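K.L.:
Dropping in start-v6.cif, which is mmCIF, C-alpha atoms (C1' of nucleotides):
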```
data_work
loop_
_atom_site.label_atom_id
_atom_site.label_comp_id
_atom_site.auth_asym_id
_atom_site.auth_seq_id
_atom_site.Cartn_x
_atom_site.Cartn_y
_atom_site.Cartn_z
CA MET A 1 102.16 44.33 28.59
CA THR A 2 102.33 43.39 32.22
CA SER A 3 102.47 46.59 34.22
CA ILE A 4 104.78 49.50 34.67
CA PRO A 5 107.15 49.71 37.58
CA THR A 6 105.43 51.88 40.14
CA PRO A 7 107.38 53.55 42.90
CA GLY A 8 106.35 52.27 46.29
CA THR A 9 105.30 48.96 44.87
CA PRO A 10 107.65 46.04 44.57
CA VAL A 11 108.85 45.75 41.02
CA ARG A 12 110.78 43.30 38.94
CA GLY A 13 113.89 42.36 40.76
CA SER A 14 113.81 44.92 43.50
CA LYS A 15 111.53 44.64 46.49
CA SER A 16 112.52 47.94 47.98
CA GLY A 17 109.94 50.05 46.19
CA ASP A 18 112.58 52.76 46.04
CA PRO A 19 111.55 55.22 43.31
CA ILE A 20 114.95 55.07 41.67
CA MET A 21 114.70 51.31 41.38
CA ALA A 22 111.25 51.60 39.85
CA LEU A 23 112.62 54.15 37.42
CA PHE A 24 115.61 51.97 36.61
CA ASP A 25 113.26 49.10 36.00
CA LEU A 26 111.21 51.20 33.60
CA LEU A 27 114.19 52.71 31.80
CA GLY A 28 116.12 49.46 31.86
CA ARG A 29 113.92 47.98 29.20
CA ARG A 30 115.08 47.84 25.67
CA TRP A 31 114.64 51.12 23.82
CA ALA A 32 113.00 52.97 26.71
CA MET A 33 115.68 55.64 27.03
CA GLY A 34 116.31 55.69 23.30
CA ILE A 35 112.67 56.47 22.61
CA LEU A 36 112.56 59.32 25.11
CA TRP A 37 115.84 60.66 23.77
CA THR A 38 114.78 60.49 20.14
CA LEU A 39 111.39 61.97 20.85
CA CYS A 40 112.86 64.94 22.69
CA LYS A 41 115.45 65.58 20.01
CA THR A 42 113.10 65.47 17.04
CA GLY A 43 109.92 66.80 18.60
CA PRO A 44 106.44 65.39 18.08
CA CYS A 45 106.21 62.62 15.55
CA THR A 46 103.98 59.80 14.46
CA PHE A 47 104.32 56.18 15.35
CA ARG A 48 106.02 55.40 12.07
CA GLU A 49 108.25 58.43 12.15
CA LEU A 50 109.38 57.48 15.61
CA GLN A 51 109.99 53.95 14.42
CA ALA A 52 112.14 55.25 11.59
CA ASN A 53 114.00 57.73 13.78
CA CYS A 54 114.93 55.02 16.20
CA GLY A 55 116.67 53.21 13.37
CA SER A 56 115.18 49.80 13.79
CA ILE A 57 112.66 48.82 16.33
CA SER A 58 109.86 46.36 15.96
CA PRO A 59 106.36 47.82 16.20
CA THR A 60 105.59 45.38 18.98
CA VAL A 61 108.31 46.69 21.22
CA LEU A 62 107.74 50.30 20.25
CA ASN A 63 104.08 50.02 21.10
CA THR A 64 104.80 48.29 24.39
CA ARG A 65 107.32 50.95 25.39
CA LEU A 66 104.97 53.74 24.34
CA LYS A 67 102.24 52.35 26.56
CA GLU A 68 104.61 52.05 29.48
CA LEU A 69 106.03 55.53 29.02
CA ARG A 70 102.54 56.96 28.73
CA LEU A 71 101.45 55.26 31.93
CA ALA A 72 104.57 56.65 33.54
CA LEU A 73 103.46 60.13 32.40
CA LEU A 74 106.68 60.69 30.49
CA ILE A 75 105.15 60.92 27.04
CA ASP A 76 101.69 61.40 25.58
CA HIS A 77 99.84 61.33 22.31
CA GLN A 78 98.34 64.51 20.94
CA ASP A 79 97.02 65.54 17.55
CA ASP A 80 100.51 66.18 16.27
CA GLY A 81 101.73 62.78 17.36
CA TYR A 82 103.76 61.38 20.21
CA GLN A 83 105.71 63.78 22.34
CA ALA A 84 107.35 64.08 25.72
CA THR A 85 105.33 65.48 28.58
CA PRO A 86 106.82 68.27 30.69
CA MET A 87 107.93 65.60 33.14
CA GLY A 88 109.43 63.57 30.32
CA LYS A 89 111.37 66.64 29.24
CA GLU A 90 112.64 67.09 32.76
CA LEU A 91 114.01 63.59 32.67
CA TYR A 92 115.49 64.22 29.25
CA ASN A 93 117.29 67.25 30.63
CA LEU A 94 118.78 65.06 33.31
CA LEU A 95 119.89 62.59 30.67
CA LEU A 96 121.58 65.29 28.60
CA PRO A 97 124.74 65.44 30.74
CA ILE A 98 125.05 61.70 30.32
CA GLY A 99 124.85 62.21 26.59
CA GLY A 100 127.79 64.57 26.77
CA TRP A 101 129.73 62.29 29.06
CA SER A 102 129.20 59.32 26.76
CA GLY A 103 131.54 60.98 24.27
CA GLN A 104 134.43 60.88 26.74
CA TRP A 105 133.52 57.36 27.71
CA ALA A 106 133.67 56.38 24.07
CA ASN A 107 137.14 57.88 23.75
CA VAL A 108 138.51 56.06 26.76
CA LEU A 109 137.01 52.81 25.57
CA ALA A 110 138.53 53.31 22.16
CA GLU A 111 141.98 53.94 23.63
CA SER A 112 141.76 50.90 25.86
CA ASN A 113 141.17 48.77 22.78
CA ASP A 114 144.34 49.84 21.01
CA MET B 1 127.60 36.88 26.90
CA THR B 2 127.48 38.31 23.44
CA SER B 3 129.43 41.55 23.44
CA ILE B 4 129.11 44.95 24.96
CA PRO B 5 127.76 47.90 23.02
CA THR B 6 130.79 49.75 21.73
CA PRO B 7 130.51 53.36 20.65
CA GLY B 8 131.24 53.75 16.98
CA THR B 9 130.14 50.24 16.25
CA PRO B 10 126.60 49.37 15.33
CA VAL B 11 124.84 47.93 18.33
CA ARG B 12 121.57 46.25 19.07
CA GLY B 13 118.82 48.22 17.52
CA SER B 14 120.70 51.34 16.62
CA LYS B 15 122.93 51.59 13.61
CA SER B 16 124.11 55.10 14.32
CA GLY B 17 127.10 54.17 16.45
CA ASP B 18 126.26 57.26 18.49
CA PRO B 19 127.95 56.89 21.90
CA ILE B 20 124.78 57.71 23.76
CA MET B 21 122.97 54.92 21.95
CA ALA B 22 125.74 52.49 22.81
CA LEU B 23 125.52 53.61 26.41
CA PHE B 24 121.74 53.31 26.43
CA ASP B 25 122.09 49.84 25.02
CA LEU B 26 124.48 48.88 27.78
CA LEU B 27 122.52 50.51 30.59
CA GLY B 28 119.19 49.45 29.13
CA ARG B 29 119.77 45.87 30.19
CA ARG B 30 118.13 44.53 33.25
CA TRP B 31 119.90 45.47 36.45
CA ALA B 32 122.76 47.35 34.76
CA MET B 33 122.00 50.70 36.36
CA GLY B 34 120.85 49.08 39.57
CA ILE B 35 124.16 47.31 39.96
CA LEU B 36 126.20 50.45 39.40
CA TRP B 37 123.95 52.38 41.76
CA THR B 38 124.12 49.77 44.50
CA LEU B 39 127.84 49.34 44.15
CA CYS B 40 128.50 53.06 44.44
CA LYS B 41 126.22 53.41 47.43
CA THR B 42 127.61 50.53 49.44
CA GLY B 43 131.22 50.55 48.35
CA PRO B 44 133.28 47.49 47.43
CA CYS B 45 131.58 44.19 48.00
CA THR B 46 131.76 40.55 47.04
CA PHE B 47 129.70 38.80 44.44
CA ARG B 48 127.32 37.45 47.02
CA GLU B 49 127.08 40.69 48.94
CA LEU B 50 126.24 42.50 45.77
CA GLN B 51 123.68 39.87 44.97
CA ALA B 52 122.09 40.37 48.38
CA ASN B 53 122.22 44.16 48.18
CA CYS B 54 120.43 44.13 44.88
CA GLY B 55 117.54 42.36 46.56
CA SER B 56 117.06 39.55 44.15
CA ILE B 57 119.07 38.93 41.06
CA SER B 58 120.05 35.60 39.64
CA PRO B 59 123.77 34.83 39.61
CA THR B 60 123.58 34.30 35.87
CA VAL B 61 122.40 37.81 35.16
CA LEU B 62 124.61 39.35 37.80
CA ASN B 63 127.64 37.67 36.35
CA THR B 64 126.70 38.68 32.82
CA ARG B 65 126.18 42.31 33.83
CA LEU B 66 129.43 42.34 35.80
CA LYS B 67 131.34 41.16 32.77
CA GLU B 68 129.71 43.77 30.58
CA LEU B 69 130.29 46.59 33.05
CA ARG B 70 133.89 45.53 33.46
CA LEU B 71 134.45 45.52 29.73
CA ALA B 72 132.87 48.95 29.64
CA LEU B 73 135.42 50.05 32.27
CA LEU B 74 132.72 51.11 34.68
CA ILE B 75 133.52 48.61 37.40
CA ASP B 76 136.41 46.33 38.29
CA HIS B 77 137.34 43.57 40.67
CA GLN B 78 140.05 44.13 43.26
CA ASP B 79 141.10 42.30 46.37
CA ASP B 80 138.33 43.91 48.37
CA GLY B 81 135.72 42.89 45.85
CA TYR B 82 133.78 44.57 43.08
CA GLN B 83 133.77 48.33 42.92
CA ALA B 84 133.14 51.18 40.56
CA THR B 85 136.05 52.57 38.58
CA PRO B 86 136.64 56.33 38.57
CA MET B 87 134.72 56.44 35.29
CA GLY B 88 131.93 54.40 36.83
CA LYS B 89 131.74 56.88 39.65
CA GLU B 90 131.53 59.71 37.18
CA LEU B 91 128.54 58.07 35.62
CA TYR B 92 127.04 57.45 39.04
CA ASN B 93 127.37 61.14 39.81
CA LEU B 94 125.43 61.89 36.67
CA LEU B 95 122.75 59.42 37.74
CA LEU B 96 122.42 61.00 41.16
CA PRO B 97 120.23 63.91 40.01
CA ILE B 98 117.93 61.36 38.42
CA GLY B 99 117.74 59.61 41.75
CA GLY B 100 116.56 62.83 43.34
CA TRP B 101 114.12 63.54 40.57
CA SER B 102 112.63 60.07 40.81
CA GLY B 103 111.14 61.08 44.15
CA GLN B 104 109.10 63.85 42.54
CA TRP B 105 108.15 61.55 39.71
CA ALA B 106 106.91 59.03 42.26
CA ASN B 107 104.75 61.68 43.91
CA VAL B 108 103.18 62.81 40.67
CA LEU B 109 102.50 59.23 39.67
CA ALA B 110 100.92 58.54 43.04
CA GLU B 111 98.64 61.56 42.72
CA SER B 112 97.60 60.62 39.22
CA ASN B 113 96.43 57.27 40.54
CA ASP B 114 94.07 58.72 43.12
"C1'" DT C 1 144.54 16.47 57.78
"C1'" DC C 2 139.78 16.69 58.06
"C1'" DT C 3 135.90 19.59 58.39
"C1'" DG C 4 133.37 23.90 57.62
"C1'" DT C 5 132.79 28.30 55.40
"C1'" DA C 6 133.14 31.76 51.88
"C1'" DT C 7 133.79 33.07 47.18
"C1'" DG C 8 133.07 33.28 42.32
"C1'" DC C 9 131.06 31.49 39.53
"C1'" DT C 10 128.72 27.51 35.82
"C1'" DA C 11 124.84 24.24 34.35
"C1'" DT C 12 120.22 23.37 33.44
"C1'" DG C 13 115.51 23.86 32.51
"C1'" DT C 14 111.63 27.19 32.41
"C1'" DT C 15 109.51 31.54 31.64
"C1'" DT C 16 109.59 36.24 29.76
"C1'" DT C 17 110.96 39.56 26.54
"C1'" DT C 18 112.26 41.09 22.12
"C1'" DA C 19 112.69 40.64 17.21
"C1'" DG C 20 110.86 40.20 12.59
"C1'" DT C 21 107.35 40.19 9.38
"C1'" DA C 22 102.67 40.53 7.78
"C1'" DG C 23 98.58 42.67 7.73
"C1'" DC C 24 94.16 44.96 9.45
"C1'" DA C 25 90.80 48.80 10.69
"C1'" DA C 26 90.16 53.64 10.68
"C1'" DT C 27 90.95 58.15 8.75
"C1'" DC C 28 91.74 61.47 5.21
"C1'" DG C 29 92.40 63.79 0.89
"C1'" DA C 30 91.86 63.63 -4.13
"C1'" DT D 1 86.09 55.28 -4.41
"C1'" DC D 2 90.89 54.97 -4.57
"C1'" DG D 3 95.17 55.22 -2.56
"C1'" DA D 4 98.06 56.68 1.14
"C1'" DT D 5 98.91 57.23 6.02
"C1'" DT D 6 98.39 56.05 10.78
"C1'" DG D 7 98.24 53.26 14.79
"C1'" DC D 8 98.40 49.52 15.79
"C1'" DT D 9 97.62 43.68 16.41
"C1'" DA D 10 98.87 38.65 15.28
"C1'" DC D 11 101.99 35.32 14.87
"C1'" DT D 12 106.37 32.80 15.05
"C1'" DA D 13 111.14 32.49 16.27
"C1'" DA D 14 115.10 33.88 18.74
"C1'" DA D 15 117.27 35.89 22.65
"C1'" DA D 16 117.43 37.18 27.42
"C1'" DA D 17 116.34 36.54 32.14
"C1'" DC D 18 114.81 33.71 36.09
"C1'" DA D 19 115.29 30.09 39.59
"C1'" DT D 20 117.67 26.63 41.52
"C1'" DA D 21 121.38 23.46 42.18
"C1'" DG D 22 125.91 22.73 42.54
"C1'" DC D 23 131.05 22.84 41.51
"C1'" DA D 24 136.02 24.29 42.18
"C1'" DT D 25 139.05 26.92 44.75
"C1'" DA D 26 140.86 29.08 48.81
"C1'" DC D 27 141.25 29.66 53.53
"C1'" DA D 28 140.48 28.73 58.76
"C1'" DG D 29 140.11 26.26 62.66
"C1'" DA D 30 140.09 21.77 65.24
#
```
So that I can check it, write out the structure of this file as structure tokens.
P.N.:
Amino acid sequence: MTSIPTPGTPVRGSKSGDPIMALFDLLGRRWAMGILWTLCKTGPCTFRELQANCGSISPTVLNTRLKELRLALLIDHQDDGYQATPMGKELYNLLLPIGGWSGQWANVLAESND
Amino acid sequence: MTSIPTPGTPVRGSKSGDPIMALFDLLGRRWAMGILWTLCKTGPCTFRELQANCGSISPTVLNTRLKELRLALLIDHQDDGYQATPMGKELYNLLLPIGGWSGQWANVLAESND
DNA sequence: TCTGTATGCTATGTTTTTAGTAGCAATCGA
DNA sequence: TCGATTGCTACTAAAAACATAGCATACAGA
């Protein structure tokens, strides 16, 4: 792993250091949002459970994302496995409306492909 | 470009076809959210303006993302340049709270690194 | 009509990221 | 001590992204 995007510090692509760009950089990596989403939906689970719940994700990428998300204080690893931190759950709650909206988006997309 | 993640169709990584996973796949590509964000903040702009406003993004990736976001009906290209569609603006509005939250996240992260 | 400028890209070669598969060290219960 | 589970790491190959150069078109002014 290189490093996680840190607000205030220039990150991949964006030099602004704007927190939202740092967050976009972090979440704009493959599986990042999917992992947080899955983890919050299913509750604490082990590395392998998480891997299975995500459908198909290589252990390399899963482990890399887990490290990044832990450094970003969005998830942590307790006795009962990986789970979202309170801050991670906050972010999940902000993602929830997008989850609902994605259903409408899917419908419009489907219609446009008739 | 390969293809955009389409809800209902298996996409990279996830076999569920769940719309949110398709959306995460689309938005979880480098610069995808940053482009939508920038475009909605600055209003319609040309390819090169957008490129400049994003700070640093290669034309290859910008063009690839633009194609994907257009296929996803989130942005389009009019006479006055690229701009978000109504649906793209809806999504932007859902991202806005995350933009606000990212400030708090940045503060907590900064404290944890003292 | 001959510049000069802007626009929307494409081409090419290099680096980075992700995928896919195998397997290891540590822990735990039977 | 045996097997099962857990949390990974190693390795190779494929895909994505970066960086830079440059092309084709359109338009404007001299």
K.L.:
Report the distance between atom CA of B:Leu50 and atom CA of B:Trp37 in Å, rounded to one decimal place.
P.N.:
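Going from atom CA of B:Leu50 over to atom CA of B:Trp37, I get 10.9 Å.
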K.L.:
Quick one: contact table of chain A to chain B, 8 Å max, nearest atom pair and distance in Å to one decimal per residue, counting all atoms listed in the file, chain and number order, as a Markdown table?
P.N.:
```
| residue | atom | partner | partner_atom | distance |
| --- | --- | --- | --- | --- |
| A:Thr6 | CA | B:Ala106 | CA | 7.6 |
| A:Pro7 | CA | B:Ala106 | CA | 5.5 |
| A:Gly8 | CA | B:Ala106 | CA | 7.9 |
| A:Gly13 | CA | B:Ser56 | CA | 5.4 |
| A:Ser14 | CA | B:Gly55 | CA | 5.5 |
| A:Lys15 | CA | B:Gly55 | CA | 6.4 |
| A:Ser16 | CA | B:Gly55 | CA | 7.6 |
| A:Pro19 | CA | B:Ser102 | CA | 5.6 |
| A:Ile20 | CA | B:Gly99 | CA | 5.3 |
| A:Met21 | CA | B:Gly34 | CA | 6.8 |
| A:Leu23 | CA | B:Ser102 | CA | 6.8 |
| A:Phe24 | CA | B:Met33 | CA | 6.5 |
| A:Asp25 | CA | B:Arg30 | CA | 7.2 |
| A:Leu27 | CA | B:Gly28 | CA | 6.5 |
| A:Gly28 | CA | B:Gly28 | CA | 4.1 |
| A:Arg29 | CA | B:Gly28 | CA | 5.5 |
| A:Arg30 | CA | B:Gly28 | CA | 5.6 |
| A:Trp31 | CA | B:Gly28 | CA | 7.2 |
| A:Ala32 | CA | B:Gly28 | CA | 7.5 |
| A:Met33 | CA | B:Phe24 | CA | 6.5 |
| A:Gly34 | CA | B:Phe24 | CA | 6.7 |
| A:Cys54 | CA | B:Ser14 | CA | 6.9 |
| A:Gly55 | CA | B:Ser14 | CA | 5.5 |
| A:Ser56 | CA | B:Gly13 | CA | 5.4 |
| A:Ile57 | CA | B:Gly13 | CA | 6.3 |
| A:Ala72 | CA | B:Leu109 | CA | 7.0 |
| A:Leu73 | CA | B:Leu109 | CA | 7.4 |
| A:Met87 | CA | B:Trp105 | CA | 7.7 |
| A:Leu91 | CA | B:Ile98 | CA | 7.3 |
| A:Leu94 | CA | B:Ile98 | CA | 6.4 |
| A:Pro97 | CA | B:Leu94 | CA | 6.9 |
| A:Ile98 | CA | B:Leu94 | CA | 6.4 |
| A:Gly99 | CA | B:Ile20 | CA | 5.3 |
| A:Trp101 | CA | B:Leu91 | CA | 7.9 |
| A:Ser102 | CA | B:Pro19 | CA | 5.6 |
| A:Gly103 | CA | B:Pro19 | CA | 5.9 |
| A:Trp105 | CA | B:Met87 | CA | 7.7 |
| A:Ala106 | CA | B:Pro7 | CA | 5.5 |
| A:Leu109 | CA | B:Ala72 | CA | 7.0 |
```
K.L.:
Which residues fall under the PyMOL selection byres ((chain A) within 8 of (chain D)) in this file, as a PyMOL selection string?
P.N.:
chain A and resi 46-48+63
K.L.:
Could you please take those selected residues and save C-alpha atoms as an mmCIF file, keeping the file's coordinate frame?
P.N.:
```
data_model
loop_
_atom_site.group_PDB
_atom_site.id
_atom_site.type_symbol
_atom_site.label_atom_id
_atom_site.label_comp_id
_atom_site.auth_asym_id
_atom_site.auth_seq_id
_atom_site.Cartn_x
_atom_site.Cartn_y
_atom_site.Cartn_z
ATOM 1 C CA THR A 46 103.980 59.800 14.460
ATOM 2 C CA PHE A 47 104.320 56.180 15.350
ATOM 3 C CA ARG A 48 106.020 55.400 12.070
ATOM 4 C CA ASN A 63 104.080 50.020 21.100
#
```
K.L.:
Could you give me, as a list in words, the residues within 12 Å of B:Glu49, counting only C-alpha atoms (C1' of nucleotides) and dropping anything in the same chain fewer than 3 positions from it?
P.N.:
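Near neighbours after the sequence-gap exclusion: Ile35, Thr38, Leu39, Thr42, Gly43, Pro44, Cys45, Thr46, Ala52, Asn53, Cys54, Gly55, Ser56, Ile57, Pro59, Leu62, Asp80, Gly81, Tyr82 and Gln83 of chain B; DA6, DT7 and DG8 of chain C.
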K.L.:
Please find the residues of chain C near chain A - the criterion being any atom within 10 Å, counting only C-alpha atoms (C1' of nucleotides) - and write them as a list in words.
P.N.:
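Close enough to count are DT17, DT18, DA19, DG20 and DT21 of chain C.
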K.L.:
Kindly give the distance, in Å, that separates atom CA of B:Ala84 and atom CA of A:Gly17, rounded to a single decimal.
P.N.:
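That distance, rounded to one decimal, is 23.9 Å.
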K.L.:
As an exercise, work out the distance from atom CA of B:Leu36 to atom C1' of C:DC9 in Å and give it to one decimal place.
P.N.:
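Interatomic distance here is 19.6 Å.
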